[in-house]
$ cat entry-v4.txt   # compact mmCIF, C-alpha atoms
# COMPACT_ATOMS: atom_id res chain seq x y z
CA MET H 297 -13.08 18.80 16.05
CA LEU H 298 -16.68 17.63 15.82
CA ILE H 299 -17.81 16.14 12.50
CA THR H 300 -21.53 16.67 12.01
CA ASN H 301 -24.26 16.14 9.39
CA ALA H 302 -22.92 12.74 8.40
CA THR H 303 -23.78 9.09 7.89
CA LEU H 304 -21.02 7.05 9.48
CA VAL H 305 -19.74 3.75 8.10
CA THR H 306 -17.73 2.39 11.01
CA TRP H 307 -16.18 -0.77 9.50
CA GLU H 308 -16.35 -2.34 12.92
CA LYS H 309 -17.16 -6.03 13.24
CA PRO H 310 -20.05 -6.14 12.72
CA ASN H 311 -20.11 -3.02 10.57
CA ARG H 312 -22.57 -0.25 11.35
CA VAL H 313 -24.11 2.40 9.08
CA LEU H 314 -25.22 5.27 11.31
CA PRO H 315 -27.21 8.16 9.79
CA GLY H 316 -27.22 11.36 11.82
CA TRP H 317 -24.24 10.42 13.98
CA SER H 318 -21.22 12.59 14.76
CA ILE H 319 -17.54 12.02 15.54
CA PHE H 320 -15.51 13.93 18.12
CA ILE H 321 -11.73 14.00 17.48
CA VAL H 322 -9.01 14.81 20.03
CA ASP H 323 -5.22 14.59 19.49
CA GLY H 324 -5.49 12.66 16.24
CA LYS H 325 -7.84 10.00 17.58
CA ILE H 326 -11.56 9.40 17.68
CA ALA H 327 -12.55 10.28 21.21
CA ASP H 328 -16.32 9.80 20.97
CA LEU H 329 -19.17 9.14 18.56
CA GLY H 330 -22.91 9.12 18.86
CA PRO H 331 -26.13 10.74 17.67
CA GLU H 332 -25.40 14.32 16.65
CA PRO H 333 -27.64 16.07 19.23
CA GLU H 334 -25.92 14.19 22.04
CA LEU H 335 -22.42 15.09 20.87
CA ARG H 336 -23.30 18.74 20.24
CA ASN H 337 -24.53 18.98 23.81
CA ARG H 338 -21.51 17.10 25.13
CA TYR H 339 -18.93 19.23 23.27
CA PRO H 340 -20.50 22.68 22.79
CA ASP H 341 -17.17 24.44 22.27
CA ALA H 342 -15.72 22.05 19.66
CA GLU H 343 -14.74 23.26 16.21
CA VAL H 344 -17.42 21.92 13.85
CA LEU H 345 -16.76 20.32 10.45
CA ASP H 346 -20.02 19.91 8.53
CA ALA H 347 -19.95 16.79 6.35
CA GLY H 348 -22.84 18.08 4.28
CA GLY H 349 -24.86 14.90 4.56
CA GLN H 350 -22.07 12.78 3.08
CA LEU H 351 -20.90 9.31 4.05
CA VAL H 352 -17.93 9.32 6.43
CA LEU H 353 -15.72 6.23 6.34
CA PRO H 354 -12.26 5.24 7.56
CA GLY H 355 -9.61 6.11 4.99
CA ASN H 356 -8.52 3.48 2.48
CA ILE H 357 -5.28 1.55 3.05
CA CYS H 358 -2.80 0.34 0.44
CA ALA H 359 -0.85 -2.70 1.61
CA HIS H 360 1.88 -2.63 -1.10
CA THR H 361 2.93 0.11 -3.52
CA HIS H 362 5.91 1.72 -5.29
CA PHE H 363 6.14 5.51 -5.18
CA TYR H 364 9.28 5.43 -7.32
CA GLY H 365 7.36 4.23 -10.39
CA ALA H 366 5.40 7.45 -10.85
CA PHE H 367 7.56 8.66 -13.74
CA SER H 368 6.81 5.54 -15.79
CA ARG H 369 3.45 6.89 -16.90
CA GLY H 370 3.51 7.33 -20.69
CA MET H 371 7.16 6.32 -20.97
CA ALA H 372 7.99 4.38 -24.14
CA ILE H 373 10.01 1.17 -23.90
CA PRO H 374 12.47 0.88 -26.81
CA GLY H 375 12.03 -2.01 -29.23
CA ASP H 376 9.45 -4.75 -29.07
CA ALA H 377 7.04 -4.93 -26.17
CA PRO H 378 8.19 -7.26 -23.37
CA ALA H 379 6.84 -10.76 -23.89
CA GLN H 380 7.11 -11.95 -20.28
CA PHE H 381 7.55 -10.63 -16.75
CA SER H 382 11.33 -11.03 -16.65
CA GLU H 383 11.55 -8.81 -19.75
CA ILE H 384 9.30 -6.21 -18.12
CA LEU H 385 11.77 -6.01 -15.23
CA GLN H 386 14.78 -5.81 -17.54
CA LYS H 387 13.30 -3.39 -20.07
CA LEU H 388 11.20 -1.13 -17.86
CA TRP H 389 11.68 -1.18 -14.10
CA TRP H 390 15.38 -1.84 -13.67
CA PRO H 391 16.59 0.80 -16.16
CA LEU H 392 14.03 3.23 -14.69
CA ASP H 393 15.03 2.80 -11.05
CA ARG H 394 18.71 3.18 -12.06
CA SER H 395 17.80 6.52 -13.63
CA LEU H 396 16.36 8.14 -10.50
CA THR H 397 18.05 11.06 -8.75
CA GLU H 398 17.25 12.36 -5.27
CA GLU H 399 14.98 15.01 -6.76
CA ASP H 400 13.19 12.36 -8.83
CA ILE H 401 12.63 10.30 -5.67
CA ARG H 402 11.08 13.30 -3.91
CA TYR H 403 8.70 14.22 -6.71
CA SER H 404 7.76 10.64 -7.52
CA ALA H 405 6.70 10.31 -3.89
CA LEU H 406 4.88 13.64 -3.86
CA LEU H 407 2.94 12.71 -7.01
CA CYS H 408 1.78 9.46 -5.42
CA LEU H 409 0.97 11.11 -2.10
CA ALA H 410 -1.15 13.81 -3.74
CA ASP H 411 -2.92 11.03 -5.64
CA ALA H 412 -3.46 9.17 -2.37
CA ILE H 413 -4.98 12.17 -0.60
CA ARG H 414 -7.27 12.93 -3.53
CA HIS H 415 -8.43 9.32 -3.63
CA GLY H 416 -8.86 8.90 0.11
CA THR H 417 -5.95 6.51 0.71
CA THR H 418 -4.57 7.45 4.09
CA THR H 419 -2.05 4.66 4.88
CA LEU H 420 0.45 3.17 2.41
CA PHE H 421 3.19 0.52 2.52
CA ASP H 422 5.89 1.59 0.07
CA HIS H 423 8.71 -0.49 -1.41
CA HIS H 424 11.50 1.71 -2.81
CA ALA H 425 14.43 1.23 -5.24
CA SER H 426 16.94 3.76 -6.60
CA PRO H 427 20.33 2.03 -7.09
CA ASN H 428 22.18 5.24 -7.97
CA ALA H 429 20.69 7.23 -5.07
CA ILE H 430 20.43 4.83 -2.16
CA VAL H 431 21.86 6.64 0.87
CA GLY H 432 19.23 8.89 2.43
CA SER H 433 16.54 7.92 -0.09
CA LEU H 434 14.13 6.83 2.65
CA ASP H 435 14.61 10.17 4.43
CA ILE H 436 13.60 11.94 1.23
CA ILE H 437 10.42 9.89 0.98
CA ALA H 438 9.74 10.32 4.70
CA GLU H 439 9.98 14.09 4.33
CA ALA H 440 7.43 13.97 1.51
CA VAL H 441 5.15 11.75 3.62
CA GLN H 442 5.29 14.19 6.52
CA GLN H 443 4.66 17.13 4.21
CA ALA H 444 1.61 15.38 2.77
CA GLY H 445 0.35 14.25 6.17
CA VAL H 446 -0.50 10.64 5.33
CA ARG H 447 0.82 7.49 7.04
CA ALA H 448 3.46 5.38 5.32
CA CYS H 449 5.59 2.35 6.14
CA LEU H 450 8.82 2.52 4.11
CA CYS H 451 11.68 0.21 3.12
CA TYR H 452 14.52 0.01 0.62
CA GLU H 453 14.68 -2.90 -1.84
CA VAL H 454 17.88 -4.92 -1.26
CA THR H 455 18.99 -6.88 -4.34
CA ASP H 456 22.13 -8.44 -5.80
CA ARG H 457 21.39 -7.26 -9.34
CA ASP H 458 23.36 -4.00 -8.97
CA GLY H 459 26.50 -5.48 -7.41
CA PRO H 460 27.77 -6.06 -3.86
CA GLU H 461 28.44 -2.41 -2.96
CA ARG H 462 24.90 -1.28 -3.78
CA MET H 463 23.53 -4.35 -2.06
CA LYS H 464 25.39 -3.41 1.13
CA ALA H 465 24.29 0.22 0.80
CA GLY H 466 20.67 -0.98 0.61
CA VAL H 467 21.14 -3.04 3.77
CA GLN H 468 22.59 -0.04 5.58
CA GLU H 469 19.80 2.25 4.37
CA ASN H 470 17.16 -0.09 5.78
CA VAL H 471 18.93 -0.45 9.12
CA ARG H 472 19.53 3.28 9.47
CA PHE H 473 15.94 4.21 8.68
CA ILE H 474 14.43 1.50 10.88
CA GLU H 475 16.49 2.79 13.79
CA ARG H 476 15.45 6.36 13.00
CA THR H 477 11.72 5.54 13.03
CA ARG H 478 12.05 3.66 16.31
CA ARG H 479 13.91 6.55 17.86
CA GLU H 480 11.45 9.21 16.69
CA ASN H 481 8.20 7.19 17.00
CA ASN H 482 6.41 9.51 14.57
CA PRO H 483 2.79 8.30 14.25
CA LEU H 484 2.94 8.83 10.47
CA LEU H 485 6.12 6.82 9.81
CA ARG H 486 7.10 3.19 10.20
CA ALA H 487 9.75 1.02 8.56
CA VAL H 488 10.45 -2.58 7.65
CA PHE H 489 13.43 -4.20 5.91
CA GLY H 490 13.01 -4.27 2.13
CA LEU H 491 14.03 -7.17 -0.11
CA HIS H 492 13.44 -7.35 -3.87
CA ALA H 493 12.58 -10.98 -4.68
CA SER H 494 14.03 -14.46 -4.42
CA LEU H 495 15.27 -14.40 -8.02
CA THR H 496 17.69 -11.51 -7.32
CA LEU H 497 18.87 -12.48 -3.84
CA SER H 498 21.59 -14.95 -2.88
CA ASP H 499 21.86 -17.05 0.27
CA GLN H 500 24.74 -14.88 1.43
CA THR H 501 22.78 -11.66 0.95
CA LEU H 502 19.73 -13.04 2.73
CA ASP H 503 21.91 -14.11 5.66
CA LEU H 504 23.47 -10.64 5.77
CA CYS H 505 20.03 -9.00 5.82
CA ARG H 506 18.77 -11.31 8.56
CA GLN H 507 21.82 -10.57 10.70
CA ALA H 508 21.70 -6.80 10.07
CA ALA H 509 17.99 -6.33 10.70
CA PRO H 510 17.30 -4.75 14.09
CA LYS H 511 15.59 -7.08 16.55
CA GLY H 512 11.86 -7.47 15.91
CA THR H 513 12.05 -6.09 12.38
CA GLY H 514 10.12 -7.81 9.63
CA PHE H 515 10.73 -7.89 5.89
CA HIS H 516 8.80 -6.65 2.85
CA ILE H 517 9.51 -8.83 -0.21
CA HIS H 518 8.03 -9.75 -3.59
CA LEU H 519 7.28 -13.46 -3.49
CA SER H 520 6.51 -15.67 -6.50
CA GLU H 521 5.02 -12.82 -8.50
CA SER H 522 5.85 -14.92 -11.55
CA GLU H 523 7.19 -18.42 -12.07
CA ASP H 524 10.71 -16.96 -12.35
CA ASP H 525 11.08 -16.96 -8.54
CA GLY H 526 10.38 -20.67 -8.30
CA ARG H 527 12.76 -21.59 -11.12
CA ALA H 528 15.59 -19.42 -9.78
CA VAL H 529 15.44 -20.74 -6.22
CA GLN H 530 14.92 -24.34 -7.31
CA GLU H 531 18.03 -24.20 -9.49
CA ARG H 532 20.09 -22.45 -6.82
CA ALA H 533 18.93 -24.07 -3.59
CA GLY H 534 16.88 -27.08 -4.64
CA VAL H 535 13.76 -25.90 -2.81
CA ARG H 536 10.75 -23.68 -3.42
CA PRO H 537 10.92 -19.92 -2.52
CA VAL H 538 8.79 -20.11 0.64
CA VAL H 539 10.89 -22.96 2.02
CA TRP H 540 14.02 -20.98 1.19
CA LEU H 541 12.75 -17.83 2.93
CA GLU H 542 11.65 -19.83 5.96
CA ARG H 543 15.13 -21.35 6.29
CA HIS H 544 16.60 -17.84 6.36
CA GLY H 545 14.16 -16.56 8.98
CA ILE H 546 12.46 -14.05 6.66
CA LEU H 547 8.84 -15.06 7.23
CA GLY H 548 6.69 -14.21 10.24
CA PRO H 549 3.99 -11.91 11.61
CA ASN H 550 6.17 -8.82 11.06
CA SER H 551 6.82 -9.59 7.39
CA ILE H 552 4.91 -8.80 4.19
CA ALA H 553 5.00 -10.98 1.06
CA ALA H 554 3.64 -9.29 -2.06
CA HIS H 555 1.81 -11.17 -4.85
CA CYS H 556 2.28 -14.91 -4.03
CA VAL H 557 0.81 -15.95 -7.38
CA TYR H 558 2.63 -19.32 -7.56
CA LEU H 559 2.78 -21.24 -4.29
CA ASP H 560 2.47 -25.00 -4.03
CA GLU H 561 0.60 -26.85 -1.30
CA HIS H 562 3.56 -27.10 1.06
CA GLU H 563 4.42 -23.41 0.63
CA ARG H 564 0.86 -22.42 1.47
CA GLU H 565 0.99 -24.46 4.67
CA ILE H 566 4.28 -22.83 5.70
CA LEU H 567 3.00 -19.34 4.93
CA ALA H 568 -0.19 -19.91 6.92
CA ALA H 569 1.75 -21.22 9.92
CA SER H 570 4.21 -18.31 9.78
CA GLY H 571 1.61 -15.54 10.16
CA THR H 572 3.17 -13.60 7.27
CA TRP H 573 1.00 -10.92 5.66
CA VAL H 574 0.27 -11.50 1.94
CA THR H 575 -0.74 -8.69 -0.41
CA HIS H 576 -2.81 -9.07 -3.57
CA GLN H 577 -2.38 -6.63 -6.49
CA PRO H 578 -4.86 -7.71 -9.19
CA ARG H 579 -4.43 -4.73 -11.56
CA SER H 580 -0.67 -5.22 -11.64
CA ASN H 581 -0.92 -8.99 -12.05
CA MET H 582 -3.29 -8.52 -14.98
CA ASN H 583 -1.07 -5.87 -16.56
CA ASN H 584 2.02 -8.08 -16.28
CA ALA H 585 0.07 -11.19 -17.34
CA VAL H 586 1.68 -13.20 -14.55
CA GLY H 587 -1.44 -15.08 -13.45
CA VAL H 588 -4.04 -14.91 -10.71
CA ALA H 589 -3.09 -15.45 -7.06
CA PRO H 590 -5.36 -18.05 -5.37
CA VAL H 591 -6.17 -15.69 -2.54
CA GLU H 592 -9.52 -17.27 -1.68
CA ASP H 593 -7.66 -20.49 -0.90
CA TYR H 594 -5.17 -18.51 1.17
CA LEU H 595 -7.97 -16.95 3.20
CA GLN H 596 -9.49 -20.37 3.92
CA ARG H 597 -6.11 -21.46 5.29
CA GLY H 598 -5.98 -18.48 7.62
CA ILE H 599 -3.40 -16.53 5.62
CA ARG H 600 -3.90 -12.81 6.13
CA VAL H 601 -4.43 -11.52 2.59
CA CYS H 602 -4.45 -7.75 2.10
CA LEU H 603 -4.95 -5.50 -0.93
CA GLY H 604 -2.25 -3.32 -2.51
CA ASN H 605 -1.82 -1.59 -5.85
CA ASP H 606 1.85 -2.20 -6.79
CA GLY H 607 2.22 1.41 -7.95
CA PHE H 608 -1.05 1.74 -9.83
CA SER H 609 -3.23 4.72 -8.87
CA ASN H 610 -4.19 5.06 -5.22
CA ALA H 611 -7.87 4.87 -6.11
CA MET H 612 -8.23 1.71 -4.07
CA TRP H 613 -11.88 1.13 -4.95
CA GLU H 614 -10.63 0.44 -8.49
CA GLU H 615 -8.49 -2.32 -7.00
CA TRP H 616 -11.58 -3.64 -5.19
CA LYS H 617 -13.50 -3.80 -8.46
CA THR H 618 -10.66 -5.50 -10.29
CA ALA H 619 -10.32 -8.17 -7.60
CA TYR H 620 -14.09 -8.70 -7.60
CA LEU H 621 -14.21 -9.25 -11.38
CA LEU H 622 -10.86 -10.94 -12.05
CA HIS H 623 -11.47 -14.02 -9.93
CA LYS H 624 -14.93 -14.52 -11.39
CA ILE H 625 -13.73 -14.58 -14.99
CA HIS H 626 -10.58 -16.55 -14.12
CA HIS H 627 -12.64 -19.33 -12.55
CA ARG H 628 -15.65 -18.79 -14.85
CA ASP H 629 -17.76 -18.81 -11.71
CA PRO H 630 -19.82 -15.76 -10.59
CA ARG H 631 -19.75 -17.00 -7.01
CA ARG H 632 -16.01 -16.42 -6.64
CA MET H 633 -14.57 -13.39 -4.79
CA GLY H 634 -17.90 -12.13 -3.44
CA GLY H 635 -18.36 -8.65 -2.04
CA TYR H 636 -17.90 -9.78 1.55
CA THR H 637 -14.60 -11.46 0.61
CA VAL H 638 -13.37 -8.24 -1.01
CA VAL H 639 -14.27 -6.39 2.20
CA GLU H 640 -12.45 -8.98 4.30
CA ILE H 641 -9.29 -8.37 2.28
CA ALA H 642 -9.48 -4.64 1.52
CA VAL H 643 -11.02 -3.39 4.76
CA TYR H 644 -10.51 -5.75 7.67
CA ASN H 645 -7.18 -7.33 6.73
CA ASN H 646 -5.71 -4.05 5.48
CA ALA H 647 -6.78 -2.42 8.73
CA ALA H 648 -5.22 -5.26 10.71
CA GLN H 649 -1.93 -4.91 8.81
CA ALA H 650 -1.84 -1.14 9.30
CA SER H 651 -2.74 -1.45 12.99
CA HIS H 652 -0.05 -4.07 13.52
CA PHE H 653 2.77 -2.09 11.95
CA PHE H 654 1.79 1.34 13.28
CA GLY H 655 1.00 0.11 16.78
CA GLN H 656 -2.42 1.73 16.99
CA GLU H 657 -5.95 0.98 15.85
CA ILE H 658 -6.37 2.08 12.24
CA GLY H 659 -9.18 1.51 9.77
CA LYS H 660 -12.39 1.79 11.74
CA ILE H 661 -14.54 4.43 13.39
CA SER H 662 -14.59 3.67 17.09
CA PRO H 663 -13.34 5.41 20.24
CA GLY H 664 -9.55 5.19 20.45
CA ALA H 665 -8.99 4.54 16.76
CA ALA H 666 -6.92 6.83 14.57
CA ALA H 667 -8.89 9.72 13.09
CA ASP H 668 -8.14 8.75 9.48
CA LEU H 669 -11.35 9.54 7.62
CA VAL H 670 -12.81 10.32 4.21
CA PHE H 671 -16.03 12.02 3.17
CA VAL H 672 -17.82 10.43 0.20
CA ASP H 673 -20.40 12.38 -1.79
CA TYR H 674 -22.58 9.40 -2.68
CA ALA H 675 -26.35 9.66 -2.81
CA PRO H 676 -27.47 6.03 -2.94
CA PRO H 677 -30.22 5.54 -5.54
CA THR H 678 -31.36 2.44 -3.63
CA PRO H 679 -31.38 1.67 0.11
CA LEU H 680 -27.90 1.40 1.64
CA ASN H 681 -27.31 -0.70 4.74
CA GLU H 682 -24.70 -2.88 6.39
CA GLY H 683 -25.65 -5.89 4.30
CA ASN H 684 -25.46 -4.37 0.84
CA LEU H 685 -22.73 -1.75 1.36
CA PRO H 686 -20.02 -3.80 -0.44
CA TRP H 687 -22.05 -3.75 -3.65
CA HIS H 688 -22.75 -0.02 -3.38
CA ILE H 689 -18.98 0.46 -3.25
CA LEU H 690 -18.25 -1.98 -6.07
CA PHE H 691 -20.93 -0.71 -8.44
CA GLY H 692 -21.67 2.81 -7.26
CA PHE H 693 -18.63 4.45 -5.68
CA ARG H 694 -16.22 6.48 -7.82
CA GLU H 695 -12.92 7.96 -6.69
CA THR H 696 -14.18 11.41 -7.72
CA MET H 697 -16.81 11.18 -4.98
CA ILE H 698 -14.21 11.68 -2.23
CA THR H 699 -14.36 15.30 -1.13
CA THR H 700 -12.45 15.39 2.16
CA THR H 701 -9.50 13.44 3.54
CA ILE H 702 -8.38 13.51 7.19
CA VAL H 703 -5.33 11.75 8.68
CA ASN H 704 -4.41 11.76 12.35
CA GLY H 705 -7.17 14.33 12.89
CA LYS H 706 -5.68 16.76 10.35
CA LEU H 707 -7.47 17.95 7.23
CA LEU H 708 -5.41 17.08 4.15
CA MET H 709 -8.16 17.79 1.63
CA LYS H 710 -11.37 19.75 2.11
CA ASN H 711 -14.09 20.10 -0.51
CA ARG H 712 -11.73 18.50 -3.10
CA THR H 713 -8.96 21.06 -2.46
CA LEU H 714 -5.64 19.71 -1.18
CA LEU H 715 -4.41 21.64 1.84
CA THR H 716 -0.94 20.19 2.46
CA LEU H 717 0.39 19.76 -1.08
CA ASP H 718 0.41 22.04 -4.13
CA GLU H 719 -0.72 19.70 -6.89
CA LYS H 720 0.02 22.13 -9.72
CA GLU H 721 3.56 22.81 -8.52
CA ILE H 722 4.23 19.11 -8.01
CA ALA H 723 2.89 18.19 -11.45
CA ALA H 724 4.85 20.95 -13.17
CA LYS H 725 8.11 20.02 -11.47
CA ALA H 726 7.54 16.31 -12.07
CA HIS H 727 6.87 17.02 -15.75
CA GLU H 728 10.24 18.76 -15.99
CA LEU H 729 12.11 16.04 -14.08
CA ALA H 730 10.48 13.13 -15.90
CA GLY H 731 11.83 14.27 -19.26
CA ARG H 732 15.37 14.14 -17.88
CA THR H 733 14.71 10.80 -16.21
CA TRP H 734 13.44 9.34 -19.47
CA LYS H 735 16.64 10.48 -21.21
CA ARG H 736 18.77 8.75 -18.59
CA TYR H 737 16.53 5.69 -18.92
CA GLN H 738 17.24 5.53 -22.65
CA GLU H 739 20.97 5.70 -21.93
CA LYS H 740 20.78 2.91 -19.33
CA PHE H 741 18.38 0.68 -21.27
CA GLY H 742 19.79 -2.79 -21.78
CA LYS H 743 22.83 -2.19 -19.55
CA ALA H 744 23.54 -4.22 -16.45

$ encode --input "entry-v4.txt" --output "structure tokens"
Amino acid sequence: MLITNATLVTWEKPNRVLPGWSIFIVDGKIADLGPEPELRNRYPDAEVLDAGGQLVLPGNICAHTHFYGAFSRGMAIPGDAPAQFSEILQKLWWPLDRSLTEEDIRYSALLCLADAIRHGTTTLFDHHASPNAIVGSLDIIAEAVQQAGVRACLCYEVTDRDGPERMKAGVQENVRFIERTRRENNPLLRAVFGLHASLTLSDQTLDLCRQAAPKGTGFHIHLSESEDDGRAVQERAGVRPVVWLERHGILGPNSIAAHCVYLDEHEREILAASGTWVTHQPRSNMNNAVGVAPVEDYLQRGIRVCLGNDGFSNAMWEEWKTAYLLHKIHHRDPRRMGGYTVVEIAVYNNAAQASHFFGQEIGKISPGAAADLVFVDYAPPTPLNEGNLPWHILFGFRETMITTTIVNGKLLMKNRTLLTLDEKEIAAKAHELAGRTWKRYQEKFGKA
């Protein structure tokens, strides 16, 4: 396929904005790019996809999300609103994930995947929980991912909060699915070992997970999202959460730690030395009122900070804008979290995380990279170049401007029409299932 009539944004280092250039795609990868006349002459028999003068960029990447939370939209929590994060877990998320059936898991995933395609998010790192439907849950999500055509790295959340049998089933689900993805080597699917958070994991469980994890496997865990993690581990083990995780061999370049809002000086040093990926979810942190992660400090220490959404919409430019504004108001300093810093996190570090876990170059337009692309119908009212592009995105781009989404060289959406998923059918079925899920949620609310 030859993409023509485009302005390319390559997100290389340094980035290039290339009007009138074309991309030639072979076997899911970018095989060549250059001025359009040259590529037309070079590949006269290629199928042509006219970009209509739009911007063509690498697809967005979400470094941490939760497909299973899709049915929470509009759901009422009984009684008073939760006053702190621990209450949000106990009143909303834990009764909800206990209420999910296999069919709920499938349609929660499909809802999020349709949302991702429509909003140009082509790679996602999901963190799943469904205590009453554990066995085979990752296969259900994987089937939805393959149907949609996006890339996803999956895991199951191991926790002690649902008892030892479910904990062991979660361990087995991770191991089974990790082995499956290694065996199949599907370019759209990868797996890590999921852990909930320090506050719901014992030393014994962490040891079991470390021993069970296939060689070379990393972990995906929530870390110090609130101060509850620190208190729980300090009371139980007498150390801070990062020290505790390091002792158990959980950290490292194959592991992902989400949030990291509350880390002391020593924890930051350990995390930087470990090479662990850290993900920042500003919309979620604001919604839960847990605080603001000091990610600029992390970046200065060499910690690889990426951008996720924690289950919010897959319109990742909204996450960009939130990060850009949140740190300014938090520090009361307009110099904080500049546009280039947002790009470092959301583009370059997200691309590095995706490339690392999928074993191929993802997140830029260059020969050999994955053909994961989006078309953006943005007519800049002022000059657009490599230097000012971050601010065009932050102040000009809207998620509705994405017209076409391509993953692994395959069209998933063209001219705003999804080609791999039936949005109306998914929404209708999800609407039906959500009502039943909410009823089960009400029955489970407040129960252990």

$ atom_distance --input "entry-v4.txt" --atom1 "CA of His576 (chain H)" --atom2 "CA of Gly365 (chain H)"
18.1 Å

$ residues_around --input "entry-v4.txt" --residues "Leu621 (chain H)" --least-positions-apart "4" --cutoff "8 Å" --atoms "all atoms listed in the file" --output "list in words"
Lys617, Ile625 and Met633 of chain H

$ write_last_selection --input "entry-v4.txt" --atoms "C-alpha atoms" --output "PDB file, in the frame of the given file"
ATOM      1  CA  LYS H 617     -13.500  -3.800  -8.460  1.00  0.00           C
ATOM      2  CA  ILE H 625     -13.730 -14.580 -14.990  1.00  0.00           C
ATOM      3  CA  MET H 633     -14.570 -13.390  -4.790  1.00  0.00           C
TER       4      MET H 633
END

$ closest_residue --input "entry-v4.txt" --among "H:Val639, H:Leu729, H:Leu541, H:Ala528" --to "Trp613 (chain H)" --atoms "all atoms listed in the file"
H:Val639

$ residues_around --input "entry-v4.txt" --residues "Ala440 (chain H)" --least-positions-apart "5" --cutoff "9 Å" --atoms "all atoms listed in the file" --output "ChimeraX atom specification"
/H:402-403,405-406,409,435,445

$ closest_residue --input "entry-v4.txt" --among "H:Asp718, H:Glu439, H:Asp411, H:Asp593" --to "Asp560 (chain H)" --atoms "all atoms listed in the file"
H:Asp593

$ atom_distance --input "entry-v4.txt" --atom1 "CA of His688 (chain H)" --atom2 "CA of Glu615 (chain H)"
14.9 Å

$ atom_distance --input "entry-v4.txt" --atom1 "CA of Ser318 (chain H)" --atom2 "CA of Lys706 (chain H)"
16.7 Å

$ closest_residue --input "entry-v4.txt" --among "H:Ile437, H:Asn428, H:Gly459, H:His652" --to "Gly514 (chain H)" --atoms "all atoms listed in the file"
H:His652

$ closest_residue --input "entry-v4.txt" --among "H:Glu592, H:Glu614, H:Glu542, H:Asp393" --to "Leu690 (chain H)" --atoms "all atoms listed in the file"
H:Glu614

$ residues_around --input "entry-v4.txt" --residues "His360 (chain H)" --least-positions-apart "4" --cutoff "10 Å" --atoms "all atoms listed in the file" --output "VMD selection string"
chain H and resid 420 to 423 449 516 to 518 552 to 555 574 to 577 602 to 607

$ closest_atom_pairs --input "entry-v4.txt" --of "region 600-702 of chain H" --to "region 337-355 of chain H" --cutoff "7 Å" --atoms "only C-alpha atoms" --output "Markdown table"
| residue | atom | partner | partner_atom | distance |
| --- | --- | --- | --- | --- |
| H:Gly659 | CA | H:Pro354 | CA | 5.3 |
| H:Lys660 | CA | H:Pro354 | CA | 5.4 |
| H:Ile661 | CA | H:Pro354 | CA | 6.3 |
| H:Asp668 | CA | H:Gly355 | CA | 5.4 |
| H:Leu669 | CA | H:Pro354 | CA | 4.4 |
| H:Val670 | CA | H:Gly355 | CA | 5.3 |
| H:Phe671 | CA | H:Val352 | CA | 4.6 |
| H:Val672 | CA | H:Leu351 | CA | 5.1 |
| H:Asp673 | CA | H:Gln350 | CA | 5.2 |
| H:Tyr674 | CA | H:Gln350 | CA | 6.7 |

$ residues_around --input "entry-v4.txt" --residues "region 484-500 of chain H" --least-positions-apart "6" --cutoff "8 Å" --atoms "all atoms listed in the file" --output "ChimeraX atom specification"
/H:423-424,438,441-442,445-457,470-471,473-474,477-478,509,513-520,524-526,528-529,537,551,653-654

$ residues_around --input "entry-v4.txt" --residues "Ser395 (chain H)" --least-positions-apart "3" --cutoff "7 Å" --atoms "all atoms listed in the file" --output "PyMOL selection string"
chain H and resi 391-392+733+736-737

$ decode --input "entry-v4.txt" --residues "region 435-457 of chain H" --atoms "C-alpha atoms" --output "compact mmCIF listing (two decimals), in the first residue's frame"
# COMPACT_ATOMS: atom_id res chain seq x y z
CA ASP H 435 -8.06 -15.34 26.00
CA ILE H 436 -11.40 -13.53 25.79
CA ILE H 437 -9.68 -10.15 25.73
CA ALA H 438 -7.08 -11.42 23.26
CA GLU H 439 -9.83 -12.56 20.90
CA ALA H 440 -11.38 -9.09 21.05
CA VAL H 441 -7.97 -7.50 20.41
CA GLN H 442 -7.41 -9.66 17.35
CA GLN H 443 -10.92 -8.94 16.08
CA ALA H 444 -10.31 -5.20 16.45
CA GLY H 445 -6.82 -5.38 14.94
CA VAL H 446 -4.97 -3.22 17.46
CA ARG H 447 -1.91 -4.19 19.53
CA ALA H 448 -2.29 -4.99 23.21
CA CYS H 449 -0.12 -6.27 26.04
CA LEU H 450 -2.32 -8.09 28.58
CA CYS H 451 -2.08 -9.34 32.15
CA TYR H 452 -4.32 -10.52 34.98
CA GLU H 453 -4.29 -8.67 38.32
CA VAL H 454 -3.14 -11.03 41.10
CA THR H 455 -4.37 -9.96 44.56
CA ASP H 456 -5.01 -11.46 47.98
CA ARG H 457 -8.26 -9.56 48.50
